[in-house]
Structures are given as structure tokens and as C-alpha cells.
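Here is the file work.pdb (PDB, C-alpha atoms, pLDDT in the B column).
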ATOM      1  CA  MET A  29       0.000   0.000   0.000  1.00 61.00           C
ATOM      2  CA  THR A  30       1.088   3.567  -0.616  1.00 64.00           C
ATOM      3  CA  PRO A  31       1.557   6.259   2.061  1.00 65.00           C
ATOM      4  CA  GLU A  32      -1.541   7.930   0.634  1.00 73.00           C
ATOM      5  CA  GLN A  33      -3.621   4.802   1.307  1.00 72.00           C
ATOM      6  CA  TYR A  34      -2.303   4.564   4.854  1.00 66.00           C
ATOM      7  CA  ARG A  35      -3.143   8.207   5.498  1.00 74.00           C
ATOM      8  CA  ALA A  36      -6.606   7.913   3.978  1.00 73.00           C
ATOM      9  CA  GLY A  37      -7.387   4.866   6.101  1.00 70.00           C
ATOM     10  CA  GLY A  38      -5.748   6.208   9.212  1.00 75.00           C
ATOM     11  CA  GLN A  39      -7.527   9.489   9.740  1.00 90.00           C
ATOM     12  CA  PRO A  40      -9.105   9.875  13.176  1.00 93.00           C
ATOM     13  CA  PHE A  41     -12.856  10.170  13.131  1.00 97.00           C
ATOM     14  CA  LEU A  42     -15.355  11.808  15.446  1.00 98.00           C
ATOM     15  CA  ILE A  43     -19.084  11.224  14.960  1.00 98.00           C
ATOM     16  CA  PRO A  44     -20.946  13.739  17.150  1.00 98.00           C
ATOM     17  CA  GLY A  45     -24.033  12.429  18.899  1.00 98.00           C
ATOM     18  CA  ASN A  46     -25.696  12.373  22.284  1.00 98.00           C
ATOM     19  CA  GLU A  47     -24.200  12.293  25.792  1.00 98.00           C
ATOM     20  CA  VAL A  48     -23.094   8.668  25.560  1.00 98.00           C
ATOM     21  CA  GLY A  49     -19.580   8.421  24.168  1.00 98.00           C
ATOM     22  CA  VAL A  50     -17.647   5.482  22.761  1.00 98.00           C
ATOM     23  CA  LEU A  51     -13.865   5.549  22.485  1.00 99.00           C
ATOM     24  CA  LEU A  52     -12.464   3.136  19.881  1.00 98.00           C
ATOM     25  CA  SER A  53      -8.874   2.000  19.451  1.00 98.00           C
ATOM     26  CA  HIS A  54      -7.308   0.386  16.418  1.00 98.00           C
ATOM     27  CA  GLY A  55      -4.376  -1.978  16.738  1.00 97.00           C
ATOM     28  CA  TYR A  56      -0.626  -2.241  16.282  1.00 97.00           C
ATOM     29  CA  THR A  57       0.391  -1.086  12.762  1.00 96.00           C
ATOM     30  CA  GLY A  58      -3.317  -0.755  11.930  1.00 95.00           C
ATOM     31  CA  THR A  59      -5.555   2.199  11.169  1.00 96.00           C
ATOM     32  CA  THR A  60      -8.864   3.672  12.254  1.00 96.00           C
ATOM     33  CA  SER A  61     -10.488   2.204   9.143  1.00 95.00           C
ATOM     34  CA  GLY A  62     -10.627  -1.077  11.049  1.00 96.00           C
ATOM     35  CA  MET A  63     -12.985   0.515  13.575  1.00 98.00           C
ATOM     36  CA  ARG A  64     -15.141   2.462  11.165  1.00 97.00           C
ATOM     37  CA  TYR A  65     -17.932  -0.084  10.688  1.00 98.00           C
ATOM     38  CA  LEU A  66     -18.320  -0.512  14.436  1.00 98.00           C
ATOM     39  CA  GLY A  67     -18.296   3.230  15.028  1.00 98.00           C
ATOM     40  CA  ASP A  68     -20.867   3.955  12.330  1.00 98.00           C
ATOM     41  CA  TYR A  69     -23.114   1.157  13.587  1.00 98.00           C
ATOM     42  CA  LEU A  70     -23.135   2.390  17.189  1.00 98.00           C
ATOM     43  CA  HIS A  71     -23.886   5.927  16.105  1.00 98.00           C
ATOM     44  CA  GLU A  72     -26.597   5.005  13.618  1.00 98.00           C
ATOM     45  CA  ARG A  73     -28.415   2.652  16.005  1.00 98.00           C
ATOM     46  CA  GLU A  74     -28.138   4.642  19.227  1.00 98.00           C
ATOM     47  CA  GLY A  75     -27.016   8.146  18.331  1.00 98.00           C
ATOM     48  CA  TRP A  76     -23.925   7.785  20.489  1.00 98.00           C
ATOM     49  CA  THR A  77     -20.914  10.026  20.073  1.00 98.00           C
ATOM     50  CA  VAL A  78     -18.048   7.964  18.670  1.00 98.00           C
ATOM     51  CA  LEU A  79     -14.366   8.865  18.581  1.00 98.00           C
ATOM     52  CA  ALA A  80     -11.539   6.803  17.081  1.00 98.00           C
ATOM     53  CA  PRO A  81      -8.186   8.541  17.562  1.00 98.00           C
ATOM     54  CA  GLN A  82      -5.244   7.858  15.305  1.00 97.00           C
ATOM     55  CA  LEU A  83      -2.540   6.319  17.482  1.00 97.00           C
ATOM     56  CA  LYS A  84       0.610   8.346  17.000  1.00 97.00           C
ATOM     57  CA  GLY A  85       2.831   7.058  14.211  1.00 96.00           C
ATOM     58  CA  HIS A  86       0.035   5.038  12.629  1.00 95.00           C
ATOM     59  CA  GLY A  87      -1.743   5.887   9.391  1.00 92.00           C
ATOM     60  CA  ASP A  88       1.417   7.476   8.005  1.00 92.00           C
ATOM     61  CA  SER A  89       4.470   5.305   7.391  1.00 93.00           C
ATOM     62  CA  PRO A  90       6.429   2.584   9.188  1.00 95.00           C
ATOM     63  CA  ALA A  91       9.268   5.087   9.526  1.00 95.00           C
ATOM     64  CA  ALA A  92       6.961   7.475  11.393  1.00 95.00           C
ATOM     65  CA  MET A  93       5.803   4.673  13.680  1.00 97.00           C
ATOM     66  CA  ALA A  94       9.413   3.720  14.417  1.00 97.00           C
ATOM     67  CA  LYS A  95       9.845   7.058  16.200  1.00 97.00           C
ATOM     68  CA  THR A  96       6.921   6.502  18.578  1.00 98.00           C
ATOM     69  CA  THR A  97       6.501   4.698  21.890  1.00 98.00           C
ATOM     70  CA  ALA A  98       3.725   2.984  23.806  1.00 98.00           C
ATOM     71  CA  THR A  99       3.479   6.172  25.861  1.00 98.00           C
ATOM     72  CA  ASP A 100       2.650   8.064  22.664  1.00 98.00           C
ATOM     73  CA  TRP A 101      -0.106   5.580  21.795  1.00 98.00           C
ATOM     74  CA  ILE A 102      -1.578   5.880  25.294  1.00 98.00           C
ATOM     75  CA  ARG A 103      -1.485   9.664  25.110  1.00 98.00           C
ATOM     76  CA  SER A 104      -3.437   9.548  21.842  1.00 98.00           C
ATOM     77  CA  LEU A 105      -6.239   7.711  23.650  1.00 98.00           C
ATOM     78  CA  GLU A 106      -6.045   9.874  26.757  1.00 98.00           C
ATOM     79  CA  GLU A 107      -6.539  12.927  24.558  1.00 98.00           C
ATOM     80  CA  GLY A 108      -9.513  11.166  22.981  1.00 98.00           C
ATOM     81  CA  LEU A 109     -10.963  10.392  26.396  1.00 98.00           C
ATOM     82  CA  ASP A 110     -10.613  14.042  27.388  1.00 98.00           C
ATOM     83  CA  THR A 111     -12.341  15.125  24.175  1.00 98.00           C
ATOM     84  CA  LEU A 112     -15.309  12.831  24.795  1.00 98.00           C
ATOM     85  CA  SER A 113     -15.512  13.899  28.425  1.00 97.00           C
ATOM     86  CA  GLN A 114     -16.244  17.462  27.331  1.00 97.00           C
ATOM     87  CA  THR A 115     -19.662  16.486  25.964  1.00 97.00           C
ATOM     88  CA  CYS A 116     -20.405  12.967  27.224  1.00 98.00           C
ATOM     89  CA  SER A 117     -21.593  11.949  30.686  1.00 97.00           C
ATOM     90  CA  THR A 118     -21.047   8.215  30.074  1.00 98.00           C
ATOM     91  CA  ILE A 119     -18.093   6.754  28.174  1.00 98.00           C
ATOM     92  CA  PHE A 120     -17.514   3.208  26.946  1.00 98.00           C
ATOM     93  CA  MET A 121     -14.468   1.802  25.173  1.00 98.00           C
ATOM     94  CA  ALA A 122     -13.690  -0.940  22.676  1.00 99.00           C
ATOM     95  CA  GLY A 123     -10.551  -1.893  20.799  1.00 98.00           C
ATOM     96  CA  LEU A 124      -9.023  -4.477  18.488  1.00 98.00           C
ATOM     97  CA  SER A 125      -5.774  -6.381  19.115  1.00 98.00           C
ATOM     98  CA  MET A 126      -3.329  -3.914  20.689  1.00 98.00           C
ATOM     99  CA  GLY A 127      -6.367  -1.647  20.812  1.00 98.00           C
ATOM    100  CA  GLY A 128      -7.964  -4.277  23.035  1.00 98.00           C
ATOM    101  CA  CYS A 129      -4.896  -4.235  25.240  1.00 98.00           C
ATOM    102  CA  LEU A 130      -5.108  -0.452  25.361  1.00 98.00           C
ATOM    103  CA  THR A 131      -8.819  -0.711  26.187  1.00 98.00           C
ATOM    104  CA  LEU A 132      -7.947  -2.778  29.249  1.00 98.00           C
ATOM    105  CA  TYR A 133      -5.116  -0.410  30.163  1.00 98.00           C
ATOM    106  CA  MET A 134      -7.442   2.584  29.973  1.00 98.00           C
ATOM    107  CA  ALA A 135     -10.202   0.785  31.886  1.00 98.00           C
ATOM    108  CA  ALA A 136      -7.691   0.081  34.659  1.00 98.00           C
ATOM    109  CA  GLN A 137      -6.206   3.568  34.797  1.00 98.00           C
ATOM    110  CA  TYR A 138      -9.468   5.455  34.300  1.00 98.00           C
ATOM    111  CA  ALA A 139     -11.904   3.231  36.147  1.00 97.00           C
ATOM    112  CA  ASP A 140     -13.913   6.283  37.194  1.00 97.00           C
ATOM    113  CA  ARG A 141     -14.483   7.374  33.596  1.00 97.00           C
ATOM    114  CA  ILE A 142     -14.773   4.243  31.458  1.00 98.00           C
ATOM    115  CA  LYS A 143     -18.007   2.475  32.367  1.00 98.00           C
ATOM    116  CA  ALA A 144     -17.692  -0.695  30.239  1.00 98.00           C
ATOM    117  CA  ALA A 145     -15.085  -2.268  27.969  1.00 98.00           C
ATOM    118  CA  VAL A 146     -15.053  -4.554  24.938  1.00 99.00           C
ATOM    119  CA  PRO A 147     -11.584  -5.898  24.056  1.00 99.00           C
ATOM    120  CA  ILE A 148     -11.629  -7.734  20.714  1.00 98.00           C
ATOM    121  CA  ASN A 149      -8.856 -10.285  20.066  1.00 98.00           C
ATOM    122  CA  ALA A 150      -6.814  -8.358  22.599  1.00 98.00           C
ATOM    123  CA  CYS A 151      -3.118  -9.128  22.976  1.00 98.00           C
ATOM    124  CA  LEU A 152      -1.504  -9.504  26.389  1.00 98.00           C
ATOM    125  CA  TYR A 153       1.136 -11.874  25.081  1.00 97.00           C
ATOM    126  CA  PHE A 154       2.180 -13.244  21.677  1.00 97.00           C
ATOM    127  CA  GLY A 155       4.038 -16.408  22.599  1.00 94.00           C
ATOM    128  CA  VAL A 156       6.378 -15.910  19.623  1.00 93.00           C
ATOM    129  CA  PRO A 157      10.038 -16.262  20.677  1.00 94.00           C
ATOM    130  CA  GLY A 158      11.232 -15.247  17.221  1.00 92.00           C
ATOM    131  CA  LEU A 159       9.516 -11.874  17.588  1.00 94.00           C
ATOM    132  CA  ALA A 160      10.577 -11.315  21.176  1.00 95.00           C
ATOM    133  CA  GLU A 161      14.248 -11.960  20.470  1.00 95.00           C
ATOM    134  CA  LEU A 162      14.318  -9.082  17.983  1.00 96.00           C
ATOM    135  CA  ALA A 163      13.389  -6.471  20.600  1.00 95.00           C
ATOM    136  CA  TYR A 164      16.945  -6.031  21.891  1.00 95.00           C
ATOM    137  CA  ALA A 165      18.972  -7.851  19.249  1.00 95.00           C
ATOM    138  CA  LYS A 166      22.040  -5.868  18.199  1.00 93.00           C
ATOM    139  CA  ASP A 167      21.904  -7.177  14.633  1.00 93.00           C
ATOM    140  CA  ALA A 168      18.148  -6.813  14.100  1.00 94.00           C
ATOM    141  CA  PRO A 169      16.965  -5.332  10.792  1.00 95.00           C
ATOM    142  CA  GLU A 170      15.078  -2.043  10.671  1.00 96.00           C
ATOM    143  CA  TYR A 171      11.836  -3.759   9.718  1.00 95.00           C
ATOM    144  CA  ILE A 172      10.286  -7.200   9.448  1.00 95.00           C
ATOM    145  CA  VAL A 173       7.205  -8.418   7.585  1.00 93.00           C
ATOM    146  CA  GLY A 174       4.037  -7.120   9.219  1.00 90.00           C
ATOM    147  CA  VAL A 175       1.185  -8.952  10.918  1.00 84.00           C
ATOM    148  CA  GLY A 176      -1.667  -7.126   9.186  1.00 82.00           C
ATOM    149  CA  ASN A 177      -4.473  -8.468   7.006  1.00 89.00           C
ATOM    150  CA  ASP A 178      -5.297 -11.641   8.932  1.00 96.00           C
ATOM    151  CA  VAL A 179      -8.825 -11.596   7.506  1.00 97.00           C
ATOM    152  CA  LYS A 180     -10.947 -14.606   6.527  1.00 97.00           C
ATOM    153  CA  ASP A 181     -13.070 -12.696   4.014  1.00 97.00           C
ATOM    154  CA  PRO A 182     -11.093 -12.776   0.725  1.00 96.00           C
ATOM    155  CA  ASP A 183     -12.773  -9.602  -0.475  1.00 96.00           C
ATOM    156  CA  VAL A 184     -11.455  -7.511   2.419  1.00 95.00           C
ATOM    157  CA  ILE A 185      -7.977  -6.013   2.702  1.00 93.00           C
ATOM    158  CA  GLU A 186      -6.917  -4.359   5.945  1.00 94.00           C
ATOM    159  CA  VAL A 187      -5.308  -0.940   5.689  1.00 93.00           C
ATOM    160  CA  ALA A 188      -2.245  -1.631   7.831  1.00 93.00           C
ATOM    161  CA  TYR A 189       1.505  -1.367   7.537  1.00 93.00           C
ATOM    162  CA  ARG A 190       3.089  -4.245   5.679  1.00 93.00           C
ATOM    163  CA  GLU A 191       6.209  -3.814   7.821  1.00 95.00           C
ATOM    164  CA  ILE A 192       6.843  -3.743  11.566  1.00 96.00           C
ATOM    165  CA  PRO A 193       9.430  -1.205  12.744  1.00 97.00           C
ATOM    166  CA  ILE A 194      11.800  -3.092  15.046  1.00 97.00           C
ATOM    167  CA  PRO A 195      12.022  -0.312  17.714  1.00 97.00           C
ATOM    168  CA  THR A 196       8.277  -0.690  18.380  1.00 98.00           C
ATOM    169  CA  ILE A 197       8.505  -4.368  19.300  1.00 97.00           C
ATOM    170  CA  LYS A 198       9.829  -3.632  22.779  1.00 97.00           C
ATOM    171  CA  GLU A 199       7.152  -0.962  23.116  1.00 98.00           C
ATOM    172  CA  ILE A 200       4.239  -3.330  22.552  1.00 98.00           C
ATOM    173  CA  TYR A 201       5.836  -5.986  24.751  1.00 98.00           C
ATOM    174  CA  GLY A 202       6.183  -3.452  27.547  1.00 98.00           C
ATOM    175  CA  LEU A 203       2.580  -2.346  27.093  1.00 98.00           C
ATOM    176  CA  MET A 204       1.297  -5.921  27.205  1.00 98.00           C
ATOM    177  CA  ASN A 205       3.302  -6.790  30.326  1.00 98.00           C
ATOM    178  CA  ILE A 206       2.190  -3.684  32.196  1.00 98.00           C
ATOM    179  CA  THR A 207      -1.435  -4.193  31.204  1.00 98.00           C
ATOM    180  CA  ARG A 208      -1.359  -7.786  32.472  1.00 98.00           C
ATOM    181  CA  ASP A 209      -0.325  -6.523  35.894  1.00 98.00           C
ATOM    182  CA  LEU A 210      -3.064  -3.875  35.754  1.00 98.00           C
ATOM    183  CA  LEU A 211      -5.879  -6.308  34.953  1.00 98.00           C
ATOM    184  CA  VAL A 212      -6.836  -6.539  38.619  1.00 98.00           C
ATOM    185  CA  LYS A 213      -7.716  -2.835  38.467  1.00 98.00           C
ATOM    186  CA  VAL A 214     -10.300  -3.396  35.734  1.00 98.00           C
ATOM    187  CA  THR A 215     -13.642  -3.349  37.529  1.00 98.00           C
ATOM    188  CA  CYS A 216     -16.078  -2.219  34.837  1.00 98.00           C
ATOM    189  CA  PRO A 217     -18.364  -4.654  32.987  1.00 98.00           C
ATOM    190  CA  THR A 218     -16.240  -6.310  30.305  1.00 98.00           C
ATOM    191  CA  LEU A 219     -17.169  -8.290  27.208  1.00 98.00           C
ATOM    192  CA  VAL A 220     -14.177 -10.211  25.849  1.00 98.00           C
ATOM    193  CA  MET A 221     -14.468 -11.169  22.183  1.00 98.00           C
ATOM    194  CA  VAL A 222     -12.163 -13.821  20.746  1.00 98.00           C
ATOM    195  CA  SER A 223     -11.613 -15.545  17.398  1.00 98.00           C
ATOM    196  CA  PRO A 224     -10.531 -19.195  17.778  1.00 98.00           C
ATOM    197  CA  ASP A 225      -8.930 -18.967  14.310  1.00 98.00           C
ATOM    198  CA  ASP A 226      -6.705 -15.989  15.115  1.00 97.00           C
ATOM    199  CA  HIS A 227      -3.288 -16.295  13.428  1.00 96.00           C
ATOM    200  CA  VAL A 228      -1.750 -13.259  15.141  1.00 96.00           C
ATOM    201  CA  VAL A 229      -2.806 -13.327  18.802  1.00 97.00           C
ATOM    202  CA  PRO A 230      -3.218 -16.619  20.704  1.00 98.00           C
ATOM    203  CA  PRO A 231      -6.937 -17.059  21.535  1.00 98.00           C
ATOM    204  CA  SER A 232      -5.875 -18.095  25.046  1.00 98.00           C
ATOM    205  CA  ASN A 233      -5.375 -14.383  25.741  1.00 98.00           C
ATOM    206  CA  ALA A 234      -9.127 -14.276  26.366  1.00 98.00           C
ATOM    207  CA  GLY A 235      -8.782 -16.592  29.358  1.00 98.00           C
ATOM    208  CA  VAL A 236      -5.954 -14.504  30.780  1.00 98.00           C
ATOM    209  CA  ILE A 237      -8.181 -11.446  30.605  1.00 98.00           C
ATOM    210  CA  LEU A 238     -11.274 -13.087  32.060  1.00 98.00           C
ATOM    211  CA  ASN A 239      -9.284 -14.625  34.913  1.00 98.00           C
ATOM    212  CA  GLY A 240      -7.309 -11.474  35.607  1.00 98.00           C
ATOM    213  CA  ILE A 241      -9.868  -8.673  35.720  1.00 98.00           C
ATOM    214  CA  SER A 242     -11.849  -7.830  38.867  1.00 98.00           C
ATOM    215  CA  SER A 243     -15.098  -7.052  37.052  1.00 98.00           C
ATOM    216  CA  LYS A 244     -18.184  -8.607  38.607  1.00 97.00           C
ATOM    217  CA  GLU A 245     -19.740  -8.715  35.162  1.00 97.00           C
ATOM    218  CA  ARG A 246     -17.470 -10.425  32.655  1.00 97.00           C
ATOM    219  CA  ARG A 247     -18.510 -12.264  29.533  1.00 98.00           C
ATOM    220  CA  GLN A 248     -16.961 -13.949  26.534  1.00 98.00           C
ATOM    221  CA  LEU A 249     -18.183 -13.964  22.942  1.00 98.00           C
ATOM    222  CA  ILE A 250     -16.702 -16.444  20.464  1.00 98.00           C
ATOM    223  CA  LEU A 251     -16.222 -15.133  16.917  1.00 98.00           C
ATOM    224  CA  ASP A 252     -16.459 -18.344  14.919  1.00 98.00           C
ATOM    225  CA  ASN A 253     -16.218 -16.908  11.419  1.00 98.00           C
ATOM    226  CA  SER A 254     -13.365 -14.402  11.597  1.00 98.00           C
ATOM    227  CA  PHE A 255      -9.604 -14.346  11.818  1.00 98.00           C
ATOM    228  CA  HIS A 256      -7.682 -11.711  13.807  1.00 98.00           C
ATOM    229  CA  VAL A 257      -9.029  -8.493  12.247  1.00 98.00           C
ATOM    230  CA  ALA A 258     -12.569  -9.434  13.173  1.00 98.00           C
ATOM    231  CA  THR A 259     -13.992  -5.908  13.062  1.00 98.00           C
ATOM    232  CA  ILE A 260     -13.815  -5.950   9.246  1.00 98.00           C
ATOM    233  CA  ASP A 261     -14.314  -9.688   8.785  1.00 98.00           C
ATOM    234  CA  TYR A 262     -17.397 -11.916   8.477  1.00 98.00           C
ATOM    235  CA  ASP A 263     -18.349 -11.356  12.134  1.00 98.00           C
ATOM    236  CA  LYS A 264     -18.302  -7.564  11.997  1.00 98.00           C
ATOM    237  CA  GLU A 265     -22.103  -7.309  12.287  1.00 98.00           C
ATOM    238  CA  ILE A 266     -22.143  -9.621  15.300  1.00 98.00           C
ATOM    239  CA  ILE A 267     -19.387  -7.577  16.926  1.00 98.00           C
ATOM    240  CA  ALA A 268     -21.234  -4.324  16.313  1.00 98.00           C
ATOM    241  CA  GLU A 269     -24.613  -5.583  17.543  1.00 98.00           C
ATOM    242  CA  GLU A 270     -23.268  -7.358  20.619  1.00 98.00           C
ATOM    243  CA  THR A 271     -21.181  -4.316  21.533  1.00 98.00           C
ATOM    244  CA  ARG A 272     -24.243  -2.102  21.172  1.00 98.00           C
ATOM    245  CA  ARG A 273     -26.360  -4.468  23.244  1.00 98.00           C
ATOM    246  CA  PHE A 274     -23.718  -4.803  25.964  1.00 98.00           C
ATOM    247  CA  PHE A 275     -23.196  -1.067  26.324  1.00 98.00           C
ATOM    248  CA  LYS A 276     -26.943  -0.416  26.305  1.00 98.00           C
ATOM    249  CA  GLU A 277     -27.403  -2.921  29.121  1.00 97.00           C
ATOM    250  CA  GLN A 278     -24.979  -0.907  31.227  1.00 97.00           C
ATOM    251  CA  LEU A 279     -27.003   2.253  30.581  1.00 95.00           C
ATOM    252  CA  ALA A 280     -30.177   0.474  31.669  1.00 89.00           C
ATOM    253  CA  GLY A 281     -28.544  -0.877  34.806  1.00 75.00           C
TER
END
Could the structure of this file be written out as C-alpha cells, please?
Amino acid sequence: MTPEQYRAGGQPFLIPGNEVGVLLSHGYTGTTSGMRYLGDYLHEREGWTVLAPQLKGHGDSPAAMAKTTATDWIRSLEEGLDTLSQTCSTIFMAGLSMGGCLTLYMAAQYADRIKAAVPINACLYFGVPGLAELAYAKDAPEYIVGVGNDVKDPDVIEVAYREIPIPTIKEIYGLMNITRDLLVKVTCPTLVMVSPDDHVVPPSNAGVILNGISSKERRQLILDNSFHVATIDYDKEIIAEETRRFFKEQLAG
């Protein structure tokens, strides 16, 4: 893909609506285009205000991402949370892959502001020694082949970097490790979505999340007909409807 395609697919989007806000996070090397269907669905069905920030360094070029850190990605979402808080009295959050990890991180750190969370194929560990060993290797290349486009639907192509900048590997590993230790601080209702046929993130991450969070209300939804990038795959309608239903239940309660 060209830089122009990355930038077109990576633009942040804000859909103004009522006083219920939804913060969405795309994943590692991905773009906001992966969250667009979900965002549009929630707004069209419920009139909710939806914001999907562009994580710093994403939606531009792998070289731009190489200069960013996990702190930068968190700050992008914190700024989004502050933006929603200006007009919304209730805020929910959902995210895909690293965005799911960031959803859990934010739910832990901002438990007073995020009222429910939906991590989708969230990563808290990869279990890939070959990837981990590159994080501090002195002879590592600048880039390796990316993890994007794990989609079952042959007619869908994810707008995501085709390369992973090596400096960001230690950043995502640090984020995942810290978030695992913060799981106990997640107390909001949480719906964990997982694809058994995920070729990027081990599906067993879902069990780690469900066993680690402190939420009284915790559920799991199996996505039987999608690979990793489920928000644009065959199960995208199920994801959107179940997310809507879950968040609406919290409003009613």
C-alpha cells in the first residue's frame, strides 16, 4: 500500500451524537479504518458520540511509527478520552488487538471514567520467541514483515503497515506486560471477544483477561467466522450488535 492509502485509512474520526460516548482503538500497525464499521453502527443505532483517535505514528508510514513509543499511543487515547468527556456523561471503550490491550489499560487507569469495555482479540502476550528476540537484538533489521491483514473474508484487505518497525517491538511488549499486571484494576463490565482462528494473537489471551480482571460482570463472545481483524471480517455485524447491546445494558442498569 502507498503512504496515501495509509493516510486515507488512518484518519481519526469523530461522529458527534448524544451524551453517551464510545472511544475506539485500532491496533498495532493498523488504522482507524478497522474501527469504522463498528463506530458507524453504534452511532446510527443509538445516536452515540463515537471517537476513534489515530494512534501516533500510525496511518502514516512505518518510519513514522518507528519514532513513537507505547506512551505516545496511550497519550493519543487519553486525549480522545478528554475530548469525549467534554460532551459525554457516560463513556464506553472498545478496541481491536493492541487496541484491546489499550482498552484494558485505559479501563484500569481510568476506572472512574470508562463504564464498560469490549476488548476484541486483545493481545496480552504473543508467545512468539522469534519476535521477542528481535526487541533487543544488536543485529536486528530495521523492519520485518508485518502482521496485518489476517482476515478470513477474501474480499477484504486491511489498511495496515506491511512492515513492523523493530524499535516498536519492545514498546508493545512493555505495554502488554504492564497491562497484564493492571488487569486486577479493571472493575467495569467487560465483554471479551475472541476468534478461535486468530493467526496473530493466541486465543488463550481471552482466558488470561477473564481470569485477571476484577469485574463482577465479565462475559466472553466467540467469533467463529473471523480471523484476527474481526472488526472488518465476516463477524463484523455480530461484533457491532453485541457491543451495542452490551453497552446499552450498562445504561439500563
Minimum-distance residue to Asp100 (chain A), chosen among A:Ile266, A:Leu203, A:Met63, A:Leu70 (using only C-alpha atoms): A:Leu203
Test item: the PyMOL selection byres ((chain A and resi 67) around 8) resolved as a list in words: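 Those residues are Leu52, Met63, Arg64, Tyr65, Leu66, Asp68, Tyr69, Leu70, His71, Val78, Leu79 and Ala80 of chain A.
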Would you give me, as JSON lines, each residue of region 83-162 of chain A having an atom within 10 Å of an atom of region 195-199 of chain A, along with its shortest atom pair and that distance in Å to one decimal, using all atoms listed in the file and sorting by chain and residue number?
{"residue": "A:Pro90", "atom": "CA", "partner": "A:Thr196", "partner_atom": "CA", "distance": 9.9}
{"residue": "A:Met93", "atom": "CA", "partner": "A:Thr196", "partner_atom": "CA", "distance": 7.5}
{"residue": "A:Ala94", "atom": "CA", "partner": "A:Pro195", "partner_atom": "CA", "distance": 5.8}
{"residue": "A:Lys95", "atom": "CA", "partner": "A:Pro195", "partner_atom": "CA", "distance": 7.8}
{"residue": "A:Thr96", "atom": "CA", "partner": "A:Thr196", "partner_atom": "CA", "distance": 7.3}
{"residue": "A:Thr97", "atom": "CA", "partner": "A:Glu199", "partner_atom": "CA", "distance": 5.8}
{"residue": "A:Ala98", "atom": "CA", "partner": "A:Glu199", "partner_atom": "CA", "distance": 5.3}
{"residue": "A:Thr99", "atom": "CA", "partner": "A:Glu199", "partner_atom": "CA", "distance": 8.5}
{"residue": "A:Trp101", "atom": "CA", "partner": "A:Glu199", "partner_atom": "CA", "distance": 9.9}
{"residue": "A:Leu159", "atom": "CA", "partner": "A:Ile197", "partner_atom": "CA", "distance": 7.8}
{"residue": "A:Ala160", "atom": "CA", "partner": "A:Ile197", "partner_atom": "CA", "distance": 7.5}
{"residue": "A:Glu161", "atom": "CA", "partner": "A:Ile197", "partner_atom": "CA", "distance": 9.6}
{"residue": "A:Leu162", "atom": "CA", "partner": "A:Ile197", "partner_atom": "CA", "distance": 7.6}
Shell of 8 Å around Gly58 (chain A), only C-alpha atoms, local chain residues under 4 positions omitted, as an MDAnalysis selection string: chainID A and resid 38 54 62 86:87 176 186:189
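Going from CA of Gln137 (chain A) to CA of Pro81 (chain A) covers 18.0 Å.
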